[in-house]
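Student: For reference, this is work_27.cif, and it has mmCIF, C-alpha atoms.
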data_work
loop_
_atom_site.label_atom_id
_atom_site.label_comp_id
_atom_site.auth_asym_id
_atom_site.auth_seq_id
_atom_site.Cartn_x
_atom_site.Cartn_y
_atom_site.Cartn_z
CA MET A 182 -44.12 -0.27 -117.49
CA SER A 183 -47.64 0.97 -117.56
CA SER A 184 -48.29 0.12 -121.22
CA GLY A 185 -49.74 -3.22 -120.16
CA LYS A 186 -47.71 -5.08 -122.79
CA VAL A 187 -45.13 -6.31 -120.30
CA HIS A 188 -47.85 -7.35 -117.87
CA ASP A 189 -49.66 -9.27 -120.61
CA ILE A 190 -46.49 -11.23 -121.36
CA ALA A 191 -46.07 -12.18 -117.70
CA ASP A 192 -49.74 -13.20 -117.45
CA THR A 193 -49.51 -15.35 -120.59
CA SER A 194 -46.30 -17.03 -119.41
CA ALA A 195 -47.76 -17.74 -115.98
CA ALA A 196 -50.91 -19.24 -117.45
CA HIS A 197 -48.89 -21.48 -119.77
CA GLU A 198 -46.56 -22.63 -117.01
CA ALA A 199 -49.38 -23.32 -114.55
CA ALA A 200 -51.28 -25.31 -117.18
CA SER A 201 -48.28 -27.48 -118.05
CA THR A 202 -46.88 -28.22 -114.56
CA GLY A 203 -49.49 -27.09 -112.10
CA GLU A 204 -47.18 -24.48 -110.56
CA PRO A 205 -45.13 -21.62 -112.02
CA ASP A 206 -41.37 -22.04 -111.97
CA ALA A 207 -39.00 -19.51 -110.41
CA SER A 208 -38.53 -17.49 -113.60
CA VAL A 209 -42.29 -17.03 -113.96
CA ARG A 210 -42.64 -15.99 -110.32
CA ILE A 211 -39.80 -13.49 -110.76
CA ALA A 212 -41.41 -12.09 -113.93
CA GLU A 213 -44.76 -11.77 -112.16
CA HIS A 214 -43.12 -9.93 -109.27
CA LEU A 215 -41.30 -7.55 -111.61
CA ALA A 216 -44.52 -6.88 -113.53
CA ARG A 217 -46.38 -5.99 -110.31
CA VAL A 218 -43.87 -3.57 -108.75
CA ARG A 219 -44.53 0.11 -109.39
CA TYR A 220 -42.40 3.20 -108.91
CA GLU A 221 -44.47 4.09 -105.84
CA ASP A 222 -43.46 0.76 -104.24
CA LEU A 223 -39.73 1.51 -104.44
CA PRO A 224 -37.71 2.79 -101.47
CA PRO A 225 -36.49 6.41 -101.86
CA GLY A 226 -32.87 5.28 -101.58
CA ALA A 227 -33.28 2.90 -104.52
CA ILE A 228 -34.84 5.66 -106.61
CA ALA A 229 -32.03 8.09 -105.74
CA ALA A 230 -29.38 5.48 -106.55
CA ALA A 231 -31.05 4.71 -109.88
CA LYS A 232 -31.22 8.39 -110.82
CA ALA A 233 -27.52 8.83 -110.06
CA GLY A 234 -26.73 5.64 -111.97
CA ILE A 235 -28.76 6.78 -114.96
CA LEU A 236 -26.90 10.11 -115.15
CA ASP A 237 -23.55 8.36 -114.75
CA THR A 238 -24.40 5.77 -117.38
CA LEU A 239 -25.57 8.38 -119.90
CA GLY A 240 -22.27 10.20 -119.39
CA CYS A 241 -20.41 6.96 -120.05
CA VAL A 242 -22.41 6.33 -123.23
CA TYR A 243 -21.69 9.83 -124.53
CA ALA A 244 -17.98 9.47 -123.73
CA GLY A 245 -17.79 6.23 -125.68
CA THR A 246 -19.63 7.40 -128.78
CA ALA A 247 -16.54 8.96 -130.34
CA CYS A 248 -14.54 5.72 -130.23
CA GLU A 249 -13.71 4.12 -133.56
CA ASP A 250 -14.96 0.65 -132.66
CA VAL A 251 -18.32 2.09 -131.58
CA ALA A 252 -18.61 3.84 -134.96
CA THR A 253 -17.85 0.51 -136.64
CA ILE A 254 -20.56 -1.25 -134.64
CA ARG A 255 -23.04 1.54 -135.43
CA ALA A 256 -22.28 1.28 -139.15
CA LEU A 257 -22.67 -2.49 -139.11
CA ALA A 258 -25.94 -2.29 -137.18
CA ARG A 259 -27.32 0.23 -139.69
CA GLN A 260 -26.75 -2.32 -142.46
CA TRP A 261 -28.88 -4.93 -140.70
CA GLY A 262 -32.05 -2.97 -141.31
CA GLY A 263 -35.32 -3.40 -139.49
CA ARG A 264 -37.82 -0.99 -137.98
CA ALA A 265 -35.79 1.94 -136.63
CA THR A 266 -37.44 2.77 -133.30
CA SER A 267 -34.67 3.42 -130.80
CA THR A 268 -32.09 6.18 -130.56
CA VAL A 269 -28.38 5.57 -130.83
CA ILE A 270 -27.15 8.01 -128.21
CA GLY A 271 -24.72 10.67 -129.42
CA ALA A 272 -25.07 9.67 -133.07
CA GLY A 273 -26.89 12.69 -134.47
CA GLY A 274 -30.42 11.35 -134.23
CA ILE A 275 -29.79 7.94 -135.76
CA LYS A 276 -32.43 5.40 -134.83
CA LEU A 277 -32.09 1.65 -135.19
CA PRO A 278 -34.19 -1.36 -134.25
CA ALA A 279 -34.20 -1.71 -130.46
CA ALA A 280 -31.77 -4.63 -130.33
CA SER A 281 -29.31 -2.86 -132.64
CA ALA A 282 -29.53 0.37 -130.62
CA VAL A 283 -28.82 -1.67 -127.48
CA LEU A 284 -25.74 -3.13 -129.15
CA ALA A 285 -24.42 0.27 -130.27
CA ASN A 286 -25.20 2.04 -126.99
CA GLY A 287 -23.90 -0.92 -124.99
CA ALA A 288 -20.60 -0.82 -126.86
CA ALA A 289 -20.32 2.90 -126.13
CA VAL A 290 -21.12 2.62 -122.42
CA HIS A 291 -18.34 0.11 -121.81
CA GLN A 292 -15.56 1.90 -123.72
CA PHE A 293 -13.81 3.44 -120.75
CA ASP A 294 -15.15 1.16 -118.01
CA PHE A 295 -16.29 4.10 -115.86
CA ASP A 296 -19.84 2.80 -115.48
CA ASP A 297 -21.12 1.89 -112.05
CA THR A 298 -19.83 -1.33 -110.54
CA HIS A 299 -21.25 -3.76 -108.02
CA ASP A 300 -17.97 -5.25 -106.82
CA ARG A 301 -19.38 -8.28 -105.01
CA ALA A 302 -21.74 -9.16 -107.87
CA VAL A 303 -18.91 -8.52 -110.38
CA MET A 304 -21.02 -6.47 -112.76
CA HIS A 305 -21.96 -3.05 -114.08
CA PRO A 306 -25.68 -2.99 -113.22
CA THR A 307 -26.94 0.28 -114.69
CA SER A 308 -25.19 -0.04 -118.04
CA ALA A 309 -26.78 -3.48 -118.37
CA SER A 310 -30.23 -2.18 -117.39
CA LEU A 311 -30.52 1.37 -118.72
CA VAL A 312 -29.39 0.81 -122.30
CA PRO A 313 -32.03 -1.86 -123.06
CA ALA A 314 -34.67 -0.08 -120.94
CA LEU A 315 -34.27 3.09 -123.02
CA ALA A 316 -34.46 1.18 -126.31
CA VAL A 317 -37.54 -0.78 -125.29
CA ALA A 318 -39.24 2.29 -123.81
CA GLU A 319 -38.75 4.13 -127.06
CA GLU A 320 -39.95 1.18 -129.13
CA VAL A 321 -43.05 0.61 -126.99
CA GLY A 322 -43.79 4.31 -126.53
CA GLY A 323 -45.71 6.00 -123.76
CA VAL A 324 -43.32 4.92 -121.00
CA SER A 325 -43.07 7.48 -118.22
CA GLY A 326 -39.87 8.54 -116.52
CA ALA A 327 -41.12 6.88 -113.34
CA ASP A 328 -41.65 3.61 -115.19
CA LEU A 329 -38.17 3.84 -116.70
CA ILE A 330 -36.63 4.42 -113.27
CA ALA A 331 -38.62 1.50 -111.85
CA ALA A 332 -37.38 -0.74 -114.67
CA VAL A 333 -33.77 0.25 -113.94
CA VAL A 334 -34.18 -0.29 -110.18
CA LEU A 335 -35.75 -3.72 -110.69
CA ALA A 336 -33.25 -4.82 -113.33
CA ASN A 337 -30.33 -3.66 -111.19
CA ASP A 338 -31.72 -5.49 -108.18
CA LEU A 339 -32.35 -8.73 -110.05
CA SER A 340 -29.06 -8.76 -111.94
CA SER A 341 -27.10 -7.89 -108.80
CA ARG A 342 -28.79 -10.71 -106.90
CA ILE A 343 -27.91 -13.13 -109.68
CA GLY A 344 -24.32 -11.87 -109.62
CA LEU A 345 -24.16 -12.28 -105.85
CA ALA A 346 -25.58 -15.81 -106.14
CA THR A 347 -22.75 -16.77 -108.49
CA ARG A 348 -20.25 -15.39 -105.96
CA GLY A 349 -18.23 -13.79 -108.75
CA ARG A 350 -17.73 -17.10 -110.55
CA MET A 351 -20.19 -16.78 -113.41
CA TRP A 352 -17.52 -17.98 -115.83
CA ASP A 353 -16.34 -20.91 -113.65
CA HIS A 354 -18.97 -23.62 -114.12
CA PRO A 355 -18.62 -26.81 -112.07
#
Can the structure from this file be put into structure tokens for me?
Tutor:
Amino acid sequence: MSSGKVHDIADTSAAHEAASTGEPDASVRIAEHLARVRYEDLPPGAIAAAKAGILDTLGCVYAGTACEDVATIRALARQWGGRATSTVIGAGGIKLPAASAVLANGAAVHQFDFDDTHDRAVMHPTSASLVPALAVAEEVGGVSGADLIAAVVLANDLSSRIGLATRGRMWDHP
């Protein structure tokens, strides 16, 4: 995201890690990579797939908004309070704190299980990436559509790689 805030976090984390161990760990290197990649760096196929996934995921969120359990989650999240910065999709303009909007929109997107699926990684990548990306983009402000798409592409790539690394056994710990 071009706001610089995300990049500042990665720079601070890297400096702290390097000072304490002499070399950044894998999570810091991943964060630095994600902070450096721009929309222009992405392959056209990844951008096209993300755009299709975003449209599909928004449709899934809207479909789930009418479900009773989603309304219950929305009502509960409204009681928690906080700075209302992020839209609860399909809820008549209701805004909640980013984390609460992610919870409400995340509950809606999974209602009918029609969201995109990465079979080998055993996950729904765009529902896991788009919902928080939208909430954070709205909270931070000034995030372009290109930056949002880049965030979705990168999150989908990273989460799918993690899913593939677990070989579908993320719940079966040795």
Student: Listing only residues of stretch 197-304 of chain A within 12 Å of stretch 335-341 of chain A, what is the closest atom pair and its distance in Å (to one decimal) for each, using all atoms listed in the file, sorted by chain and residue number ascending, as a Markdown table?
Tutor:
| residue | atom | partner | partner_atom | distance |
| --- | --- | --- | --- | --- |
| A:Ser208 | CA | A:Leu339 | CA | 11.3 |
| A:Ile211 | CA | A:Leu339 | CA | 8.9 |
| A:Ala212 | CA | A:Leu339 | CA | 10.4 |
| A:His214 | CA | A:Leu335 | CA | 9.7 |
| A:Leu215 | CA | A:Leu335 | CA | 6.8 |
| A:Ala216 | CA | A:Leu335 | CA | 9.7 |
| A:Arg217 | CA | A:Leu335 | CA | 10.9 |
| A:Val218 | CA | A:Leu335 | CA | 8.3 |
| A:Arg219 | CA | A:Leu335 | CA | 9.7 |
| A:Tyr220 | CA | A:Leu335 | CA | 9.8 |
| A:Asp222 | CA | A:Leu335 | CA | 11.0 |
| A:Leu223 | CA | A:Leu335 | CA | 9.1 |
| A:Pro224 | CA | A:Leu335 | CA | 11.5 |
| A:Ala227 | CA | A:Asp338 | CA | 9.3 |
| A:Ile228 | CA | A:Leu335 | CA | 10.3 |
| A:Ala230 | CA | A:Asn337 | CA | 10.3 |
| A:Ala231 | CA | A:Asn337 | CA | 8.5 |
| A:Gly234 | CA | A:Asn337 | CA | 10.0 |
| A:Ile235 | CA | A:Asn337 | CA | 11.2 |
| A:Asp297 | CA | A:Asn337 | CA | 10.8 |
| A:Thr298 | CA | A:Ser341 | CA | 9.9 |
| A:His299 | CA | A:Ser341 | CA | 7.2 |
| A:Asp300 | CA | A:Ser341 | CA | 9.7 |
| A:Arg301 | CA | A:Ser341 | CA | 8.6 |
| A:Ala302 | CA | A:Ser341 | CA | 5.6 |
| A:Val303 | CA | A:Ser341 | CA | 8.4 |
| A:Met304 | CA | A:Ser341 | CA | 7.4 |
Student: So which one's closest to A:Asp250, A:Ala327, A:Ala316, A:Glu204, A:Gln292? Using all atoms listed in the file, please.
Tutor: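 Checking each of A:Ala327, A:Ala316, A:Glu204, A:Gln292 against A:Asp250, counting all atoms listed in the file, the winner is A:Gln292.
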Student: As an exercise, work out the distance from atom CA of A:Leu329 to atom CA of A:Ala247 in Å and give it to one decimal place.
Tutor: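 It comes out at 26.1 Å.
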Student: Which residues, written as an NGL selection string, have at least one atom at most 12 Å from A:Gly262, with only C-alpha atoms counted and residues fewer than 5 positions away on the same chain left out?
Tutor: :A and (255-257 or 276-282)
Student: Starting from the displayed file, determine the output of the PyMOL selection byres ((chain A and resi 288) around 9) and express the residue list as an MDAnalysis selection string.
Tutor: chainID A and resid 242 245:246 250:251 254 283:287 289:292
Student: Between atom CA of A:Asp294 and atom CA of A:Leu311, measure the distance and give it in Å to one decimal.
Tutor: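 Those two atoms sit 15.4 Å apart.
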Student: Which residues come within 7 Å of A:Thr238, counting all atoms listed in the file, excluding same-chain residues fewer than 6 positions away, as a ChimeraX atom specification?
Tutor: /A:290,296,307-308
